[in-house]
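Structure record follows, encoded as structure tokens.
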Amino acid sequence: MFAPPVVTRNQIKETIFDLLSAIAPEADFARLDPNADMRQALDIDSFDFLNFLIGLDEAIGVEIPEADYGKLVSLNDLLDYLFVHNPPV
Amino acid sequence: MAEFLMPSLGTDMEAGTLVEWMVKPGDKVKRGDIMAIVETVKGVIEVEVFEDGVVTELLVPAGTEVPVGTLLAFIGEKMPAAAAAQAVAMPAGAPQMPAAPPPFSPPTGAAPPAPNGKRLRVSPVARRLAEELGIDLSQVQGTGPHGAVSRADVEAAAAAQAARQAAKPATAPPAAVPLPKPAEPAPTLPPPVETAPRGDVYAGMRRAIAAAMSRANRDIPHYYLETRIDMSRTLTWLEAENLKRPIKERILPAVLLLKAVAKALVAVPDLNGYWIDDQLRPQEAIHIGFAIALRQGGLVTPALHHVDLRSLDELMADLRDLITRTRAGRLRSSELTDATITLTNLGDLGVEKVYGVIYPPQVALVGFGKVVEQVWVEKGMLGIRPALTATLAGDHRATDGRVGGQFLEALNRSLQEPDQLASPA
């Protein structure tokens, strides 16, 4: 028997949008292209981005090393990354 | 006995509303303590005191709008006996003034301030003259149409002020505030107020930026220098350092750039200071104004204090605190007025070079672009390096290109020795 995944892709997405809306309150996530450069689309600077990652770590326990920042351009990149690295509980 | 005045927090600030007193009569204050919260068209500012002493009297009740330069409180060496008894009678620790406003004594020895909330009517000639003569326009009685202040009124006020000063030569000079004289306040960009309608705040900020930048463009003969800096050593060092740290303690590259600028200024101090009265006045303290863009538009350049003396961890905490408070609209008066140089970092936007406009009365502005991989030749070897372009805008009245060049070279050297950046000053 396998335990079902603790966190679904949609739940991760909701967490991401919650955190991002604190940083970019004016953003309309329904219109965010999931394959676009997320930081550019939402005007997120390096300070905001670091805070976003700190929030992600607190919410789902994934600490993203700096070396992986370059892999996380779009929303889909981030979702894939977090889904793979989401620690099983 | 020192006077605590409504400060000028920008070139176009004429009045402010005293929102709340953070002290009460009898309170001991130290230089840098927050005395009051003041709201201007540009935002809510925590106003600090520049002396050590005891608050002897609050002269303006909370909720009052008064012109810049209005006497708000007295700071003495100790409480007068009668006032001390009165202060003790006040409820201890009451954070706000009692419901009944305290006895309001109008400022003495000066003309009555302009009616609350009204714009001062001042002719352009009179305004310029007042700036030159160091006259506080809010204290000048206008005799022109609708009470407008004319050139003659300013001249009369200057004569009266000279007479007053001659009459009381014992007046202690203000504490060593790294500010130019009151008549020429360091122009500052205002923070936002979340509660105010965006339009007003944004318009106020736009006007403040317009005033400061127009003055810079009119008065400062800028020269520009730029240099490409190999960032591989600094970034490699930082990546290794951050790998050792929990995510909450990671340091941003901007912190290393700040520190490198401060180290270069220690080596080339002439770029850290003010141009006042046709003279370069280098400042010992290195307070770097850090340009922070706001989501709703506009920018603020509050100062990070004593950057040369802070560790990287302290600077990261300072930067985090400053950005957070800037975006929440809660800055302190000193942060808006005492930057000795400005740093603008547009790398996040993908810009490769930034040629900045100096913030008067400062004499230099350092700009950083984006780190991009570039073909690099070193010791005859061809390679690819992460590099950024650093620019310097210098005030040619204060320094020449040679000094600017020495600064950029010192900056480059600092960024090749990240271990040195991390070591205590």
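Just remember, in the structure tokens the first chain shown is A, the second B, etc., residues are 1-based per chain, and ligands are 1-based in the order shown.
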
Restrict the distance test to only C-alpha atoms, flag each residue of chain B within 12 Å of chain A, and return the flagged residues as an MDAnalysis selection string.
chainID B and resid 235:236 238:255 292:297 316:317 319:324 327:328 345:350 370

Would you return as number ranges by chain the members of range 175-381 of chain B that DSSP assigns to helix (DSSP H, G or I) on this structure's backbone?
B: 198-219, 232-243, 247-249, 253-267, 269-271, 307-309, 312-328, 333-337, 347-349

Find the residues near range 36-38 of chain A: any atom within 9 Å, counting only C-alpha atoms, skip ones fewer than 5 places away on the same chain, and give them as a ChimeraX atom specification.
/A:43-44,72-76

Using N, CA and C atoms, can you write the selected residues to a file as a JSON list (two decimals), in the first residue's frame?
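Contents of part11.json, as written:
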```json
[["chain", "number", "residue", "atom", "x", "y", "z"],
["A", 43, "ASP", "N", 6.80, 41.15, -11.89],
["A", 43, "ASP", "CA", 7.69, 42.19, -11.40],
["A", 43, "ASP", "C", 8.20, 41.86, -9.99],
["A", 44, "ILE", "N", 8.85, 40.71, -9.89],
["A", 44, "ILE", "CA", 9.35, 40.26, -8.60],
["A", 44, "ILE", "C", 10.86, 40.43, -8.57],
["A", 72, "LEU", "N", 14.05, 27.70, -12.22],
["A", 72, "LEU", "CA", 12.70, 28.06, -11.82],
["A", 72, "LEU", "C", 12.25, 29.34, -12.51],
["A", 73, "VAL", "N", 12.05, 29.26, -13.80],
["A", 73, "VAL", "CA", 11.69, 30.47, -14.54],
["A", 73, "VAL", "C", 10.17, 30.66, -14.55],
["A", 74, "SER", "N", 9.45, 29.62, -14.96],
["A", 74, "SER", "CA", 7.99, 29.76, -15.11],
["A", 74, "SER", "C", 7.27, 29.08, -13.95],
["A", 75, "LEU", "N", 5.97, 29.34, -13.88],
["A", 75, "LEU", "CA", 5.14, 28.69, -12.86],
["A", 75, "LEU", "C", 5.22, 27.17, -13.02],
["A", 76, "ASN", "N", 5.16, 26.68, -14.26],
["A", 76, "ASN", "CA", 5.24, 25.23, -14.47],
["A", 76, "ASN", "C", 6.57, 24.65, -14.01]]
```

Near Leu304 in chain B, within 12 Å and counting only C-alpha atoms, which residues show up once chain neighbours fewer than 4 positions away are dropped, as an MDAnalysis selection string?
chainID B and resid 255 258:259 262 285:292 308:310 314:323 326 331:332 334:343

If we count only C-alpha atoms and set the cut-off at 10 Å, which residues sit around Asp28 in chain A, ignoring sequence neighbours fewer than 6 positions away in its own chain? Please answer as a list in words.
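Result of the neighbour search: Phe17, Ser21 and Leu42 of chain A.
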